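*Asks:* Dropping in work.cif, which is mmCIF, C-alpha atoms:
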```cif
data_target
#
loop_
_atom_site.group_PDB
_atom_site.id
_atom_site.type_symbol
_atom_site.label_atom_id
_atom_site.label_comp_id
_atom_site.auth_asym_id
_atom_site.auth_seq_id
_atom_site.Cartn_x
_atom_site.Cartn_y
_atom_site.Cartn_z
ATOM 1 C CA MET A 1 5.585 -7.522 16.900
ATOM 2 C CA PRO A 2 8.814 -8.853 15.382
ATOM 3 C CA THR A 3 8.110 -11.769 13.036
ATOM 4 C CA LEU A 4 11.528 -12.932 11.868
ATOM 5 C CA GLU A 5 14.639 -13.852 13.801
ATOM 6 C CA SER A 6 17.646 -11.596 13.799
ATOM 7 C CA VAL A 7 21.246 -12.739 14.298
ATOM 8 C CA ILE A 8 22.253 -9.395 15.816
ATOM 9 C CA ASP A 9 21.070 -8.662 19.333
ATOM 10 C CA GLY A 10 18.572 -5.790 19.452
ATOM 11 C CA VAL A 11 17.748 -5.827 15.736
ATOM 12 C CA LEU A 12 14.028 -6.334 15.081
ATOM 13 C CA ILE A 13 12.563 -7.607 11.822
ATOM 14 C CA THR A 14 8.821 -7.214 11.369
ATOM 15 C CA GLU A 15 6.725 -8.259 8.402
ATOM 16 C CA LEU A 16 4.685 -5.315 7.164
ATOM 17 C CA ARG A 17 1.231 -5.435 5.636
ATOM 18 C CA GLN A 18 0.770 -4.879 1.889
ATOM 19 C CA ILE A 19 -2.860 -4.205 0.982
ATOM 20 C CA LEU A 20 -2.864 -5.203 -2.690
ATOM 21 C CA ASP A 21 -5.176 -3.573 -5.177
ATOM 22 C CA ASP A 22 -5.147 -3.361 -8.991
ATOM 23 C CA ARG A 23 -4.759 0.433 -8.675
ATOM 24 C CA GLY A 24 -1.571 0.121 -6.574
ATOM 25 C CA ALA A 25 -0.902 -1.237 -3.078
ATOM 26 C CA VAL A 26 -1.213 0.451 0.288
ATOM 27 C CA LEU A 27 1.994 -0.316 2.171
ATOM 28 C CA HIS A 28 2.202 -0.100 5.938
ATOM 29 C CA MET A 29 5.355 1.382 7.468
ATOM 30 C CA LEU A 30 4.997 2.397 11.137
ATOM 31 C CA ARG A 31 2.170 3.226 13.524
ATOM 32 C CA ARG A 32 2.547 4.760 16.944
ATOM 33 C CA ASP A 33 0.657 1.830 18.426
ATOM 34 C CA SER A 34 3.160 -0.687 16.961
ATOM 35 C CA THR A 35 5.041 -2.632 19.642
ATOM 36 C CA GLU A 36 8.370 -1.459 18.142
ATOM 37 C CA PHE A 37 7.475 2.250 18.099
ATOM 38 C CA THR A 38 9.163 4.476 20.666
ATOM 39 C CA GLU A 39 9.313 8.070 19.393
ATOM 40 C CA PHE A 40 9.075 9.937 16.109
ATOM 41 C CA GLY A 41 12.088 12.052 15.214
ATOM 42 C CA GLU A 42 12.229 12.248 11.440
ATOM 43 C CA CYS A 43 10.971 10.510 8.328
ATOM 44 C CA TYR A 44 13.134 10.695 5.210
ATOM 45 C CA PHE A 45 13.981 8.646 2.111
ATOM 46 C CA SER A 46 17.300 7.468 0.773
ATOM 47 C CA GLU A 47 17.226 6.805 -2.954
ATOM 48 C CA VAL A 48 19.821 4.248 -4.089
ATOM 49 C CA PHE A 49 20.697 3.760 -7.753
ATOM 50 C CA PRO A 50 21.219 0.180 -9.051
ATOM 51 C CA GLY A 51 24.583 -1.233 -7.998
ATOM 52 C CA VAL A 52 25.351 1.626 -5.604
ATOM 53 C CA ILE A 53 26.619 0.897 -2.068
ATOM 54 C CA LYS A 54 26.073 3.374 0.764
ATOM 55 C CA ALA A 55 28.248 2.201 3.703
ATOM 56 C CA TRP A 56 29.273 2.272 6.569
ATOM 57 C CA LYS A 57 27.450 4.293 9.200
ATOM 58 C CA ARG A 58 26.918 3.932 12.936
ATOM 59 C CA HIS A 59 24.585 6.057 15.036
ATOM 60 C CA ARG A 60 25.275 6.752 18.684
ATOM 61 C CA TYR A 61 21.737 7.652 19.740
ATOM 62 C CA GLN A 62 19.388 7.303 16.758
ATOM 63 C CA THR A 63 17.325 4.148 16.146
ATOM 64 C CA GLN A 64 16.496 3.386 12.499
ATOM 65 C CA ASN A 65 13.122 2.013 11.345
ATOM 66 C CA LEU A 66 13.653 1.011 7.725
ATOM 67 C CA ALA A 67 11.459 -0.315 4.918
ATOM 68 C CA VAL A 68 11.784 -0.497 1.140
ATOM 69 C CA PRO A 69 8.569 0.351 -0.751
ATOM 70 C CA VAL A 70 10.289 0.507 -4.184
ATOM 71 C CA GLY A 71 13.119 -1.636 -5.595
ATOM 72 C CA ARG A 72 15.261 -3.989 -3.555
ATOM 73 C CA ILE A 73 17.990 -3.290 -1.007
ATOM 74 C CA LEU A 74 20.596 -5.543 0.582
ATOM 75 C CA ILE A 75 21.323 -4.198 4.059
ATOM 76 C CA VAL A 76 24.287 -5.454 6.053
ATOM 77 C CA ILE A 77 24.686 -4.985 9.808
ATOM 78 C CA TYR A 78 27.915 -5.523 11.714
ATOM 79 C CA ASP A 79 28.073 -5.771 15.489
ATOM 80 C CA ASP A 80 31.335 -4.739 17.186
ATOM 81 C CA ARG A 81 29.760 -3.828 20.536
ATOM 82 C CA PRO A 82 32.122 -5.409 23.072
ATOM 83 C CA ASN A 83 29.356 -6.408 25.500
ATOM 84 C CA SER A 84 26.947 -7.765 22.895
ATOM 85 C CA ILE A 85 26.157 -11.482 22.726
ATOM 86 C CA SER A 86 26.392 -11.142 18.925
ATOM 87 C CA CYS A 87 29.694 -9.201 18.931
ATOM 88 C CA GLY A 88 31.658 -9.962 15.749
ATOM 89 C CA GLN A 89 28.594 -11.126 13.822
ATOM 90 C CA VAL A 90 27.485 -9.865 10.434
ATOM 91 C CA GLN A 91 23.906 -10.073 9.182
ATOM 92 C CA ALA A 92 22.778 -9.422 5.601
ATOM 93 C CA ILE A 93 19.058 -8.923 4.976
ATOM 94 C CA GLU A 94 17.215 -8.288 1.719
ATOM 95 C CA LEU A 95 14.416 -5.750 1.866
ATOM 96 C CA GLY A 96 11.837 -5.191 -0.858
ATOM 97 C CA ARG A 97 8.555 -6.345 -2.278
ATOM 98 C CA PRO A 98 6.879 -8.661 -2.789
ATOM 99 C CA ASN A 99 8.390 -11.191 -0.377
ATOM 100 C CA ASP A 100 10.574 -9.086 1.904
ATOM 101 C CA TYR A 101 8.427 -6.087 2.688
ATOM 102 C CA LEU A 102 9.784 -5.865 6.207
ATOM 103 C CA ARG A 103 10.481 -3.188 8.787
ATOM 104 C CA LEU A 104 14.004 -3.434 10.100
ATOM 105 C CA GLN A 105 14.729 -1.725 13.407
ATOM 106 C CA ILE A 106 18.430 -1.086 14.024
ATOM 107 C CA PRO A 107 19.327 0.235 17.483
ATOM 108 C CA PRO A 108 22.221 2.671 17.960
ATOM 109 C CA GLY A 109 25.764 1.272 18.201
ATOM 110 C CA LEU A 110 25.679 -1.019 15.155
ATOM 111 C CA TRP A 111 27.478 -0.475 11.840
ATOM 112 C CA PHE A 112 25.276 -0.790 8.774
ATOM 113 C CA GLY A 113 25.362 -0.187 5.054
ATOM 114 C CA PHE A 114 23.154 -0.954 2.090
ATOM 115 C CA SER A 115 23.191 -1.464 -1.646
ATOM 116 C CA CYS A 116 20.552 -1.433 -4.359
ATOM 117 C CA ILE A 117 20.192 -4.936 -5.849
ATOM 118 C CA SER A 118 17.262 -4.179 -8.180
ATOM 119 C CA ASP A 119 17.375 -2.948 -11.781
ATOM 120 C CA ILE A 120 15.396 0.133 -10.769
ATOM 121 C CA PRO A 121 16.426 2.746 -8.169
ATOM 122 C CA ALA A 122 15.368 1.646 -4.699
ATOM 123 C CA ILE A 123 13.870 3.791 -1.934
ATOM 124 C CA LEU A 124 14.911 3.124 1.655
ATOM 125 C CA ALA A 125 12.415 4.860 3.953
ATOM 126 C CA ASN A 126 13.440 5.640 7.515
ATOM 127 C CA CYS A 127 11.231 6.687 10.444
ATOM 128 C CA ALA A 128 13.992 7.441 12.940
ATOM 129 C CA ASP A 129 13.354 8.166 16.602
ATOM 130 C CA ILE A 130 15.332 11.438 16.688
ATOM 131 C CA PRO A 131 15.846 14.016 13.907
ATOM 132 C CA HIS A 132 19.021 13.736 11.810
ATOM 133 C CA ASP A 133 22.044 15.193 13.601
ATOM 134 C CA PRO A 134 25.389 14.725 11.829
ATOM 135 C CA SER A 135 27.271 14.902 15.143
ATOM 136 C CA GLU A 136 25.751 11.664 16.491
ATOM 137 C CA SER A 137 26.991 9.292 13.765
ATOM 138 C CA ASP A 138 30.325 7.795 12.713
ATOM 139 C CA VAL A 139 31.322 6.715 9.226
ATOM 140 C CA LEU A 140 33.832 4.241 7.786
ATOM 141 C CA PRO A 141 34.780 3.708 4.121
ATOM 142 C CA VAL A 142 32.941 0.932 2.267
ATOM 143 C CA ASN A 143 36.068 -1.274 2.132
ATOM 144 C CA ASP A 144 37.278 -0.653 5.708
ATOM 145 C CA PRO A 145 39.140 -3.768 6.912
ATOM 146 C CA ARG A 146 37.686 -3.455 10.432
ATOM 147 C CA ILE A 147 34.345 -4.677 9.054
ATOM 148 C CA GLN A 148 34.491 -8.278 7.862
ATOM 149 C CA TYR A 149 32.148 -7.998 4.924
ATOM 150 C CA ASN A 150 32.999 -7.821 1.222
ATOM 151 C CA TRP A 151 30.478 -5.941 -0.866
ATOM 152 C CA LYS A 152 30.235 -7.671 -4.262
ATOM 153 C CA ASN A 153 30.462 -4.869 -6.783
ATOM 154 C CA MET B 1 7.557 26.787 7.221
ATOM 155 C CA PRO B 2 5.092 26.817 4.307
ATOM 156 C CA THR B 3 6.756 28.125 1.156
ATOM 157 C CA LEU B 4 3.983 28.175 -1.439
ATOM 158 C CA GLU B 5 0.521 29.681 -1.335
ATOM 159 C CA SER B 6 -2.529 27.528 -1.095
ATOM 160 C CA VAL B 7 -5.988 28.415 -2.402
ATOM 161 C CA ILE B 8 -7.713 26.292 0.247
ATOM 162 C CA ASP B 9 -7.752 27.628 3.797
ATOM 163 C CA GLY B 10 -5.662 25.498 6.155
ATOM 164 C CA VAL B 11 -3.736 23.634 3.444
ATOM 165 C CA LEU B 12 0.038 24.065 3.791
ATOM 166 C CA ILE B 13 2.548 23.563 0.986
ATOM 167 C CA THR B 14 6.200 23.329 1.990
ATOM 168 C CA GLU B 15 9.196 22.843 -0.269
ATOM 169 C CA LEU B 16 11.257 19.867 0.923
ATOM 170 C CA ARG B 17 15.004 19.487 0.685
ATOM 171 C CA GLN B 18 16.545 17.079 -1.842
ATOM 172 C CA ILE B 19 20.195 16.374 -1.098
ATOM 173 C CA LEU B 20 21.429 15.288 -4.515
ATOM 174 C CA ASP B 21 24.235 12.793 -4.925
ATOM 175 C CA ASP B 22 25.368 10.613 -7.861
ATOM 176 C CA ARG B 23 24.546 7.525 -5.730
ATOM 177 C CA GLY B 24 20.894 8.638 -5.235
ATOM 178 C CA ALA B 25 19.308 11.560 -3.357
ATOM 179 C CA VAL B 26 18.420 11.918 0.298
ATOM 180 C CA LEU B 27 14.871 13.265 0.411
ATOM 181 C CA HIS B 28 13.500 15.034 3.448
ATOM 182 C CA MET B 29 9.910 14.301 4.462
ATOM 183 C CA LEU B 30 9.038 15.416 8.021
ATOM 184 C CA ARG B 31 10.899 16.223 11.221
ATOM 185 C CA ARG B 32 9.347 16.657 14.627
ATOM 186 C CA ASP B 33 10.960 20.108 14.841
ATOM 187 C CA SER B 34 9.257 21.235 11.599
ATOM 188 C CA THR B 35 6.827 24.121 12.118
ATOM 189 C CA GLU B 36 4.043 22.042 10.537
ATOM 190 C CA PHE B 37 4.555 18.965 12.714
ATOM 191 C CA THR B 38 1.964 18.279 15.402
ATOM 192 C CA GLU B 39 1.894 14.553 16.224
ATOM 193 C CA PHE B 40 2.969 11.277 14.675
ATOM 194 C CA GLY B 41 0.195 8.747 14.162
ATOM 195 C CA GLU B 42 1.216 6.587 11.216
ATOM 196 C CA CYS B 43 3.511 6.527 8.216
ATOM 197 C CA TYR B 44 2.397 4.533 5.162
ATOM 198 C CA PHE B 45 2.743 4.566 1.381
ATOM 199 C CA SER B 46 0.096 4.567 -1.322
ATOM 200 C CA GLU B 47 1.367 3.162 -4.609
ATOM 201 C CA VAL B 48 -0.490 4.514 -7.641
ATOM 202 C CA PHE B 49 -0.153 2.923 -11.075
ATOM 203 C CA PRO B 50 0.071 5.209 -14.146
ATOM 204 C CA GLY B 51 -3.314 6.673 -15.071
ATOM 205 C CA VAL B 52 -5.034 5.433 -11.921
ATOM 206 C CA ILE B 53 -7.242 7.790 -9.888
ATOM 207 C CA LYS B 54 -7.825 7.234 -6.166
ATOM 208 C CA ALA B 55 -10.686 9.571 -5.136
ATOM 209 C CA TRP B 56 -12.561 10.921 -3.122
ATOM 210 C CA LYS B 57 -11.825 10.744 0.571
ATOM 211 C CA ARG B 58 -12.439 13.064 3.518
ATOM 212 C CA HIS B 59 -11.061 12.581 7.023
ATOM 213 C CA ARG B 60 -12.904 13.878 10.077
ATOM 214 C CA TYR B 61 -9.946 13.973 12.475
ATOM 215 C CA GLN B 62 -6.776 12.909 10.636
ATOM 216 C CA THR B 63 -4.348 15.449 9.121
ATOM 217 C CA GLN B 64 -2.370 14.244 6.083
ATOM 218 C CA ASN B 65 1.304 15.110 5.495
ATOM 219 C CA LEU B 66 2.004 14.001 1.930
ATOM 220 C CA ALA B 67 5.074 13.860 -0.312
ATOM 221 C CA VAL B 68 5.947 11.993 -3.515
ATOM 222 C CA PRO B 69 9.490 10.562 -3.591
ATOM 223 C CA VAL B 70 8.910 8.479 -6.766
ATOM 224 C CA GLY B 71 6.844 9.301 -9.873
ATOM 225 C CA ARG B 72 4.392 12.170 -10.145
ATOM 226 C CA ILE B 73 0.966 12.672 -8.594
ATOM 227 C CA LEU B 74 -1.786 15.170 -9.297
ATOM 228 C CA ILE B 75 -3.668 15.798 -6.086
ATOM 229 C CA VAL B 76 -6.979 17.639 -6.057
ATOM 230 C CA ILE B 77 -8.560 19.177 -2.955
ATOM 231 C CA TYR B 78 -12.167 20.353 -2.717
ATOM 232 C CA ASP B 79 -13.452 22.523 0.094
ATOM 233 C CA ASP B 80 -17.136 22.237 0.985
ATOM 234 C CA ARG B 81 -16.754 23.367 4.608
ATOM 235 C CA PRO B 82 -19.659 25.819 5.071
ATOM 236 C CA ASN B 83 -17.696 28.192 7.314
ATOM 237 C CA SER B 84 -14.481 28.203 5.270
ATOM 238 C CA ILE B 85 -13.341 31.338 3.438
ATOM 239 C CA SER B 86 -12.440 29.032 0.527
ATOM 240 C CA CYS B 87 -15.729 27.081 0.526
ATOM 241 C CA GLY B 88 -16.538 25.877 -3.011
ATOM 242 C CA GLN B 89 -12.930 26.145 -4.202
ATOM 243 C CA VAL B 90 -10.946 23.396 -5.881
ATOM 244 C CA GLN B 91 -7.151 23.233 -5.876
ATOM 245 C CA ALA B 92 -5.046 20.897 -8.040
ATOM 246 C CA ILE B 93 -1.371 20.490 -7.124
ATOM 247 C CA GLU B 94 1.314 18.407 -8.810
ATOM 248 C CA LEU B 95 3.701 16.580 -6.497
ATOM 249 C CA GLY B 96 6.936 14.925 -7.580
ATOM 250 C CA ARG B 97 10.584 15.438 -8.314
ATOM 251 C CA PRO B 98 12.537 17.276 -9.414
ATOM 252 C CA ASN B 99 10.593 20.535 -9.293
ATOM 253 C CA ASP B 100 7.635 19.766 -7.049
ATOM 254 C CA TYR B 101 9.153 17.832 -4.189
ATOM 255 C CA LEU B 102 6.761 19.374 -1.696
ATOM 256 C CA ARG B 103 5.071 18.404 1.534
ATOM 257 C CA LEU B 104 1.335 18.990 1.382
ATOM 258 C CA GLN B 105 -0.527 19.216 4.663
ATOM 259 C CA ILE B 106 -4.283 18.659 4.350
ATOM 260 C CA PRO B 107 -6.311 19.281 7.514
ATOM 261 C CA PRO B 108 -9.416 17.206 8.289
ATOM 262 C CA GLY B 109 -12.711 18.186 6.687
ATOM 263 C CA LEU B 110 -11.494 18.532 3.075
ATOM 264 C CA TRP B 111 -12.220 16.170 0.171
ATOM 265 C CA PHE B 112 -9.170 15.037 -1.758
ATOM 266 C CA GLY B 113 -8.160 12.562 -4.417
ATOM 267 C CA PHE B 114 -5.079 11.852 -6.483
ATOM 268 C CA SER B 115 -3.925 10.329 -9.744
ATOM 269 C CA CYS B 116 -0.590 9.109 -11.056
ATOM 270 C CA ILE B 117 0.520 11.319 -13.962
ATOM 271 C CA SER B 118 3.949 9.720 -14.516
ATOM 272 C CA ASP B 119 4.840 6.773 -16.784
ATOM 273 C CA ILE B 120 6.124 4.867 -13.748
ATOM 274 C CA PRO B 121 4.115 3.935 -10.630
ATOM 275 C CA ALA B 122 4.143 6.790 -8.116
ATOM 276 C CA ILE B 123 4.525 6.549 -4.354
ATOM 277 C CA LEU B 124 2.508 8.912 -2.172
ATOM 278 C CA ALA B 125 3.999 8.881 1.342
ATOM 279 C CA ASN B 126 1.856 9.994 4.264
ATOM 280 C CA CYS B 127 2.959 10.859 7.797
ATOM 281 C CA ALA B 128 -0.490 11.271 9.337
ATOM 282 C CA ASP B 129 -1.085 12.643 12.825
ATOM 283 C CA ILE B 130 -3.272 9.743 14.000
ATOM 284 C CA PRO B 131 -3.151 6.064 12.979
ATOM 285 C CA HIS B 132 -5.482 4.904 10.220
ATOM 286 C CA ASP B 133 -9.019 4.345 11.451
ATOM 287 C CA PRO B 134 -11.604 3.511 8.769
ATOM 288 C CA SER B 135 -14.431 4.921 10.915
ATOM 289 C CA GLU B 136 -13.124 8.501 10.755
ATOM 290 C CA SER B 137 -13.240 8.960 6.968
ATOM 291 C CA ASP B 138 -15.929 9.377 4.323
ATOM 292 C CA VAL B 139 -15.703 8.376 0.685
ATOM 293 C CA LEU B 140 -17.407 9.484 -2.526
ATOM 294 C CA PRO B 141 -17.124 7.939 -6.010
ATOM 295 C CA VAL B 142 -14.564 9.492 -8.376
ATOM 296 C CA ASN B 143 -17.306 11.024 -10.585
ATOM 297 C CA ASP B 144 -19.598 12.236 -7.791
ATOM 298 C CA PRO B 145 -21.449 15.339 -9.066
ATOM 299 C CA ARG B 146 -21.191 17.036 -5.656
ATOM 300 C CA ILE B 147 -17.495 17.671 -6.362
ATOM 301 C CA GLN B 148 -16.933 20.062 -9.233
ATOM 302 C CA TYR B 149 -13.842 18.488 -10.706
ATOM 303 C CA ASN B 150 -13.516 16.335 -13.813
ATOM 304 C CA TRP B 151 -10.652 13.877 -13.725
ATOM 305 C CA LYS B 152 -9.257 13.571 -17.244
ATOM 306 C CA ASN B 153 -8.908 9.857 -17.850
#
```
Can you present the structure in this file as structure tokens?
*Replies:*
Amino acid sequence: MPTLESVIDGVLITELRQILDDRGAVLHMLRRDSTEFTEFGECYFSEVFPGVIKAWKRHRYQTQNLAVPVGRILIVIYDDRPNSISCGQVQAIELGRPNDYLRLQIPPGLWFGFSCISDIPAILANCADIPHDPSESDVLPVNDPRIQYNWKN
Amino acid sequence: MPTLESVIDGVLITELRQILDDRGAVLHMLRRDSTEFTEFGECYFSEVFPGVIKAWKRHRYQTQNLAVPVGRILIVIYDDRPNSISCGQVQAIELGRPNDYLRLQIPPGLWFGFSCISDIPAILANCADIPHDPSESDVLPVNDPRIQYNWKN
């Protein structure tokens, strides 16, 4: 179940288990018996080179389940849903080991973007609830004035 | 659908798409509309440090769907199923980018193990069809004489 508070309504942040071992860790991501699991649509990885920003995207139907097994990612979520109690809010969350190995669930309707803040390329893993469909998402440029967040780059 | 031939009966090897980009690639793993998809049980990652061998394991019920988004892995499969047309065979497959970004499906009943053959830690991602359950797998030591494979380490 979610273990950390989120500013944005509907966003769930869950600490994930890292089973440490001197051969390399086993890193949990998502199980079908997790409270937050609904459906499996697609698993894929987004590699992000150091300093790179990938933003902004909003899905209409797809829920994201994100975790960062390698490197570190800063993910920023912006809520402009008119009927949301957190409308107008921005939340920035760091994801990555060892201290922030978290699963971040982002429901549809929220803008989000992410950047790699580690010296090594980061991997953002996503177990989304429906397969990728380019027609169900919207994009905005990284510096779009409608989103009140300045990426430091 | 499977794109490369496997020596071991029931093992499927499928080339996965890498959508290259100067910001970092998008790497496909598994979609529910893939021919090879049956059910989603659990997604997790096994980190493997350079030179490390994790072997041997055999699942009784769980099917593995494996891919390596970071680093390189040598995975070895041994078939001792008495009724298999490939009984007694060993297959070694390298997984990793850029040329071997493959999904390897291993059905239950086969022994397998893997080692990291890159200079950086490798990540073996698994989208298994049932959640992890320690009671449904068997283990053997890495040098067990019943498996005719010598790990070079």
*Asks:* Near region 33-43 of chain A, within 9 Å and counting only C-alpha atoms, which residues show up once chain neighbours fewer than 6 positions away are dropped, as a ChimeraX atom specification?
*Replies:* /A:1-2,12,14,62,65,105,125-132 /B:28-33,39-43,127,131
*Asks:* Which residues are near Lys54 (chain A)? Cut-off 7 Å, all atoms listed in the file, ignore same chain within fewer than 2 positions. Put them as a PyMOL selection string.
*Replies:* chain A and resi 52+56+113-115
*Asks:* Neighbouring residues of Tyr149 (chain B) were defined as those with any atom within 10 Å, considering only C-alpha atoms; residues of the same chain fewer than 3 positions away were excluded. Please report them as a list in words.
*Replies:*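 Here the qualifying residues turn out to be Val76, Ile77, Tyr78, Val90, Gln91, Ala92, Val142, Asn143, Asp144, Pro145, Arg146 and Lys152 of chain B.
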*Asks:* Report as a VMD selection string all protein, DNA and RNA residues lying within 10 Å of Gly109 (chain A), evaluated on all atoms listed in the file, omitting residues in the same chain fewer than 2 positions from it.
*Replies:* chain A and resid 57 to 63 78 to 81 106 to 107 111 to 112 137 to 138
*Asks:* To test your reading of the syntax: which residues would the PyMOL selection byres ((chain B and resi 94) around 10) return for the file shown? Reply as an NGL selection string.
*Replies:* :B and (68 or 72-76 or 92-93 or 95-97 or 99-102 or 114-117)
*Asks:* For a quick check of understanding, using all atoms listed in the file, which of A:Leu20, A:Ile13, A:Ile85, A:Ala55 has the smallest distance to Pro141 (chain A)?
*Replies:*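 Counting all atoms listed in the file, the residue closest to Pro141 (chain A) is A:Ala55.
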*Asks:* Using all atoms listed in the file, find the one residue out of A:Arg103, A:Ser46, A:Ile53, A:Val7 that sits nearest to chain B.
*Replies:*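 Between A:Arg103, A:Ser46, A:Ile53, A:Val7, the residue approaching chain B most closely is A:Ser46.
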*Asks:* Let me make sure I understand: among B:Asp21, B:Glu47, B:Asp133, B:Asp119, which one has the smallest atom-to-atom distance to chain A if we use only C-alpha atoms?
*Replies:*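 That would be B:Glu47, the residue with the smallest distance to chain A.
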*Asks:* What does the structure give for the distance between CA of Phe45 (chain B) and CA of Leu27 (chain A), in Å to one decimal?
*Replies:*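 Taking CA of Phe45 (chain B) as the start and CA of Leu27 (chain A) as the end point, the length is 5.0 Å.
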*Asks:* By how many Å are CA of Gly51 (chain A) and CA of Val70 (chain B) apart?
*Replies:*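 Computing the Euclidean distance for CA of Gly51 (chain A) and CA of Val70 (chain B) yields 18.5 Å.
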*Asks:* Have a look at CA of Cys87 (chain A) and CA of Ile8 (chain A) and let me know their distance in Å, one decimal.
*Replies:* 8.1 Å
*Asks:* Pick out the closest residue to Gln89 (chain A) from this set: A:Ala25, A:Ser6, A:Pro108, A:Ile123. Count all atoms listed in the file.
*Replies:*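 Result for the nearest residue to Gln89 (chain A): A:Ser6.
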*Asks:* Compute the distance from (-3.0, 0.1, -9.8) to each atom, counting all atoms listed in the file, keep the residues with any atom at most 6 Å away, and return them as a list of chain:residue names; use the coordinates of the file.
*Replies:*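 Returned residue set, sorted by chain then number, is A:Asp22, A:Arg23, A:Gly24, B:Val48, B:Phe49.
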*Asks:* Between B:Leu124, B:Leu4, B:Leu140, B:Val26, which residue has the minimum interatomic distance to chain A, considering all atoms listed in the file?
*Replies:*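 Result for the nearest residue to chain A: B:Val26.
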